[in-house]
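Right, one structure below, let's go through it.
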Amino acid sequence: MTNPLEYRDIIDAGRYPIDRTHDPRRQAVVDQVRAELADDGCAVLRGFFSPAGLAALTAEAESRKAQAYYSPRSLCNVYLNDGDPAYPEDHPINRFMPRSNGFVTADLFDAETTARRLYYWDPLKSFLADCLGKPELYIYEDPVSNMIVNVGAPGQQFNWHFDTNEFTITMLLRPAETGGHFEYVPNLRSTDDECYAEVGQVLDGDRSRVRRLELDAGDLQFFLGRFSLHQVTANTGATDRLLLIMSFAEQPGMIGSRERVQNLYGKITDAHLQRRVRADGLVD
Ligand SMILES: [Fe+2]
């Protein structure tokens, strides 16, 4: 076995000195991300990894992707729920579209992997919190889904939807050869308005507000997906698209619900069986 990479050698530390809190280059990156997020809910750090770091992360994903879990549920609406018979059939809430992709779950990455070591590296967490304007981020304690690789095989796509989470942090390890594009409509809905008519227009094919982001291997993306409708278009190439997803929480001790984790990842652990309902009383 080869020696693990030093933390600073996994990322392009010259461009992104994330563990040097007084380095003005770090602050400049943080300022840039905050400005982009405020503008349209999306920000990208190009070439975040070093060539060696990217190679190690990609090899880890590649060697585990045969174990990816593909959820049997293949049609989803933009709200990722069951729809509502109180609304007409052509209402956005009742329009179901193909969704297909797989996940290599967190439990398949042991503590020595580059991905896991990076995920637990405190300077990364602090840097991401600064970029998102959060006082602190915590490791998401879900043992199945806290750090996963999304596999988009040829022909697969993830249609238009809103996220449940306020923010996501993804790192593209390998783009599709063709297709597999990330597209989004910034701030399509707000906390007090679902904007159903505008959602329906996008589902009908209106591209006037759609933005397409060109992402390369090694790019880190911040995305505020709760208000911006987004999709990954069909992978029309011959190889898998591989995306590393790291989840963080704003409170300690958070894990996913038994039903959601079982449905998306095909397995649960004792931690899910013992999980208590959140203090706020919401289902999830
Ligand atoms: Fe999403």
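A note on labels: chains of the structure tokens are A, B, ... as shown, every chain counts residues from 1, and ligands are counted from 1 in their shown order.
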
For ligand 1, collect every residue having any atom at a distance of at most 12 Å from a ligand atom (counting only C-alpha atoms and all ligand atoms); output as a PyMOL selection string. chain A and resi 78-80+99+150+157-170+182-184+222-232+245

Would you save the residues from that selection as a compact mmCIF listing (two decimals), in the first residue's frame, using N, CA, C and O atoms?
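Saved the output as out.txt:
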# COMPACT_ATOMS: atom_id res chain seq x y z
N VAL A 78 -40.65 17.39 -9.06
CA VAL A 78 -39.57 18.31 -8.68
C VAL A 78 -39.45 18.44 -7.15
O VAL A 78 -38.43 18.91 -6.65
N TYR A 79 -40.49 18.02 -6.43
CA TYR A 79 -40.46 18.13 -4.97
C TYR A 79 -40.02 16.82 -4.31
O TYR A 79 -39.96 16.73 -3.09
N LEU A 80 -39.72 15.82 -5.14
CA LEU A 80 -39.29 14.50 -4.67
C LEU A 80 -40.26 13.94 -3.65
O LEU A 80 -39.87 13.33 -2.65
N ARG A 99 -35.70 9.63 -13.16
CA ARG A 99 -34.52 9.89 -12.33
C ARG A 99 -33.78 8.58 -12.18
O ARG A 99 -34.37 7.58 -11.76
N ASN A 150 -21.80 9.84 -6.25
CA ASN A 150 -22.94 9.70 -7.15
C ASN A 150 -22.42 9.20 -8.50
O ASN A 150 -21.48 9.77 -9.05
N GLN A 157 -30.04 9.98 -15.94
CA GLN A 157 -30.25 11.41 -15.75
C GLN A 157 -30.96 11.65 -14.41
O GLN A 157 -31.58 10.76 -13.87
N PHE A 158 -30.83 12.87 -13.94
CA PHE A 158 -31.52 13.27 -12.72
C PHE A 158 -32.32 14.52 -13.10
O PHE A 158 -31.77 15.60 -13.24
N ASN A 159 -33.62 14.34 -13.27
CA ASN A 159 -34.45 15.41 -13.83
C ASN A 159 -34.65 16.58 -12.86
O ASN A 159 -34.22 16.53 -11.71
N TRP A 160 -35.36 17.60 -13.33
CA TRP A 160 -35.58 18.84 -12.56
C TRP A 160 -36.10 18.56 -11.16
O TRP A 160 -37.04 17.80 -10.97
N HIS A 161 -35.51 19.25 -10.18
CA HIS A 161 -35.99 19.12 -8.80
C HIS A 161 -35.44 20.26 -7.93
O HIS A 161 -34.52 20.97 -8.34
N PHE A 162 -36.05 20.40 -6.77
CA PHE A 162 -35.51 21.26 -5.70
C PHE A 162 -34.91 20.33 -4.65
O PHE A 162 -35.38 19.21 -4.44
N ASP A 163 -33.86 20.80 -3.95
CA ASP A 163 -33.27 20.01 -2.87
C ASP A 163 -33.99 20.23 -1.55
O ASP A 163 -34.58 21.29 -1.33
N THR A 164 -33.90 19.23 -0.68
CA THR A 164 -34.38 19.39 0.70
C THR A 164 -33.38 20.22 1.50
O THR A 164 -33.75 21.03 2.34
N ASN A 165 -32.10 20.01 1.23
CA ASN A 165 -31.04 20.72 1.97
C ASN A 165 -30.89 22.14 1.47
O ASN A 165 -31.08 22.40 0.28
N GLU A 166 -30.47 23.00 2.37
CA GLU A 166 -30.23 24.39 1.97
C GLU A 166 -29.05 24.49 1.00
O GLU A 166 -29.09 25.22 0.02
N PHE A 167 -27.98 23.74 1.29
CA PHE A 167 -26.79 23.82 0.43
C PHE A 167 -26.21 22.44 0.17
O PHE A 167 -26.42 21.52 0.96
N THR A 168 -25.51 22.29 -0.95
CA THR A 168 -24.77 21.06 -1.23
C THR A 168 -23.36 21.42 -1.65
O THR A 168 -23.12 22.47 -2.26
N ILE A 169 -22.44 20.52 -1.34
CA ILE A 169 -21.04 20.68 -1.72
C ILE A 169 -20.64 19.44 -2.51
O ILE A 169 -20.67 18.33 -1.98
N THR A 170 -20.35 19.65 -3.77
CA THR A 170 -20.02 18.51 -4.65
C THR A 170 -18.69 18.76 -5.33
O THR A 170 -18.28 19.90 -5.55
N PHE A 182 -24.90 19.97 -15.68
CA PHE A 182 -25.65 20.57 -14.57
C PHE A 182 -26.32 21.84 -15.08
O PHE A 182 -25.66 22.73 -15.62
N GLU A 183 -27.64 21.91 -14.91
CA GLU A 183 -28.40 23.09 -15.34
C GLU A 183 -29.27 23.58 -14.18
O GLU A 183 -29.75 22.76 -13.39
N TYR A 184 -29.47 24.87 -14.10
CA TYR A 184 -30.27 25.40 -13.00
C TYR A 184 -30.98 26.69 -13.39
O TYR A 184 -30.57 27.39 -14.32
N PHE A 222 -20.39 24.79 -4.93
CA PHE A 222 -21.36 25.10 -3.88
C PHE A 222 -22.68 25.38 -4.57
O PHE A 222 -22.72 26.11 -5.58
N PHE A 223 -23.77 24.86 -4.03
CA PHE A 223 -25.06 25.15 -4.66
C PHE A 223 -26.15 25.24 -3.60
O PHE A 223 -26.26 24.37 -2.72
N LEU A 224 -26.95 26.31 -3.69
CA LEU A 224 -28.09 26.49 -2.80
C LEU A 224 -29.32 25.98 -3.55
O LEU A 224 -29.94 26.72 -4.31
N GLY A 225 -29.64 24.69 -3.36
CA GLY A 225 -30.61 24.03 -4.23
C GLY A 225 -32.05 24.03 -3.74
O GLY A 225 -32.90 23.40 -4.36
N ARG A 226 -32.31 24.73 -2.65
CA ARG A 226 -33.68 24.69 -2.13
C ARG A 226 -34.60 25.64 -2.90
O ARG A 226 -35.81 25.42 -2.96
N PHE A 227 -34.02 26.67 -3.47
CA PHE A 227 -34.84 27.67 -4.17
C PHE A 227 -34.58 27.69 -5.67
O PHE A 227 -35.34 28.30 -6.42
N SER A 228 -33.50 27.05 -6.11
CA SER A 228 -33.16 27.03 -7.53
C SER A 228 -33.44 25.65 -8.12
O SER A 228 -32.83 24.66 -7.71
N LEU A 229 -34.37 25.61 -9.07
CA LEU A 229 -34.67 24.35 -9.75
C LEU A 229 -33.43 23.89 -10.50
O LEU A 229 -32.74 24.72 -11.11
N HIS A 230 -33.13 22.60 -10.48
CA HIS A 230 -31.91 22.15 -11.15
C HIS A 230 -32.02 20.71 -11.62
O HIS A 230 -32.88 19.96 -11.15
N GLN A 231 -31.15 20.34 -12.56
CA GLN A 231 -31.15 18.97 -13.08
C GLN A 231 -29.74 18.62 -13.57
O GLN A 231 -28.90 19.49 -13.80
N VAL A 232 -29.52 17.31 -13.74
CA VAL A 232 -28.35 16.83 -14.47
C VAL A 232 -28.90 16.12 -15.70
O VAL A 232 -29.68 15.17 -15.58
N ILE A 245 -19.80 13.74 -3.14
CA ILE A 245 -20.70 14.64 -2.41
C ILE A 245 -20.37 14.57 -0.93
O ILE A 245 -20.40 13.49 -0.33

Go through region 26-112 of chain A residue by residue and, counting only C-alpha atoms, keep those with an atom at most 9 Å from region 266-269 of chain A; for each kept residue give the shortest atom pair and its distance in Å to one decimal, ordered by chain and increasing number, as a tab-separated table.
residue	atom	partner	partner_atom	distance
A:Tyr69	CA	A:Gly266	CA	6.5
A:Tyr70	CA	A:Gly266	CA	8.0
A:Ser71	CA	A:Gly266	CA	7.0

Given only C-alpha atoms, how would the per-residue table for region 20-65 of chain A near region 187-202 of chain A read, listing every residue at most 12 Å away with its closest atom pair and distance in Å to one decimal, sorted by chain and number, as CSV?
residue,atom,partner,partner_atom,distance
A:Leu37,CA,A:Asn187,CA,10.9
A:Ala38,CA,A:Asn187,CA,10.5
A:Asp39,CA,A:Asn187,CA,9.6
A:Asp40,CA,A:Asn187,CA,7.0
A:Gly41,CA,A:Asn187,CA,7.4
A:Cys42,CA,A:Asn187,CA,10.3

Create the file for the chosen residues now, containing N, CA, C and O atoms and written as a compact mmCIF listing (two decimals), in the first residue's frame.
# COMPACT_ATOMS: atom_id res chain seq x y z
N LEU A 37 -22.52 33.18 -4.58
CA LEU A 37 -23.70 32.57 -3.96
C LEU A 37 -24.81 33.60 -3.77
O LEU A 37 -25.98 33.30 -3.98
N ALA A 38 -24.43 34.81 -3.39
CA ALA A 38 -25.43 35.86 -3.21
C ALA A 38 -26.07 36.23 -4.54
O ALA A 38 -27.26 36.56 -4.62
N ASP A 39 -25.30 36.13 -5.61
CA ASP A 39 -25.81 36.50 -6.93
C ASP A 39 -26.80 35.48 -7.47
O ASP A 39 -27.92 35.83 -7.84
N ASP A 40 -26.40 34.21 -7.53
CA ASP A 40 -27.34 33.23 -8.13
C ASP A 40 -27.34 31.86 -7.46
O ASP A 40 -27.82 30.90 -8.03
N GLY A 41 -26.82 31.77 -6.24
CA GLY A 41 -26.93 30.52 -5.49
C GLY A 41 -25.98 29.43 -5.92
O GLY A 41 -26.15 28.28 -5.53
N CYS A 42 -24.99 29.79 -6.74
CA CYS A 42 -24.07 28.78 -7.24
C CYS A 42 -22.66 29.38 -7.29
O CYS A 42 -22.49 30.54 -7.67

Could you give me, as JSON, numbers by chain, each residue of region 137-255 of chain A that DSSP assigns to strand (DSSP E) when run on this structure's backbone? {"A": [138, 139, 147, 148, 149, 150, 151, 152, 158, 159, 160, 161, 168, 169, 170, 171, 172, 173, 174, 182, 183, 184, 185, 211, 212, 213, 220, 221, 222, 223, 229, 230, 231, 232, 241, 242, 243, 244, 245, 246, 248, 249]}

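Residue nearest Leu173 (chain A), chosen from A:Ala238, A:Val44, A:Leu118, A:Leu220 and counting only C-alpha atoms: A:Leu220.
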
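Counting only C-alpha atoms and comparing A:Ile93, A:Leu244, A:Leu5, A:Ala28, the residue that lies closest to Pro175 (chain A) is A:Leu244.
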
Which of these residues is nearest to Gly133 (chain A), using only C-alpha atoms: A:Ala249, A:Val30, A:Leu264, A:Ile18? A:Val30

CA of Asp82 (chain A) and CA of Asn94 (chain A), how far apart in Å?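 So the answer is 8.1 Å.
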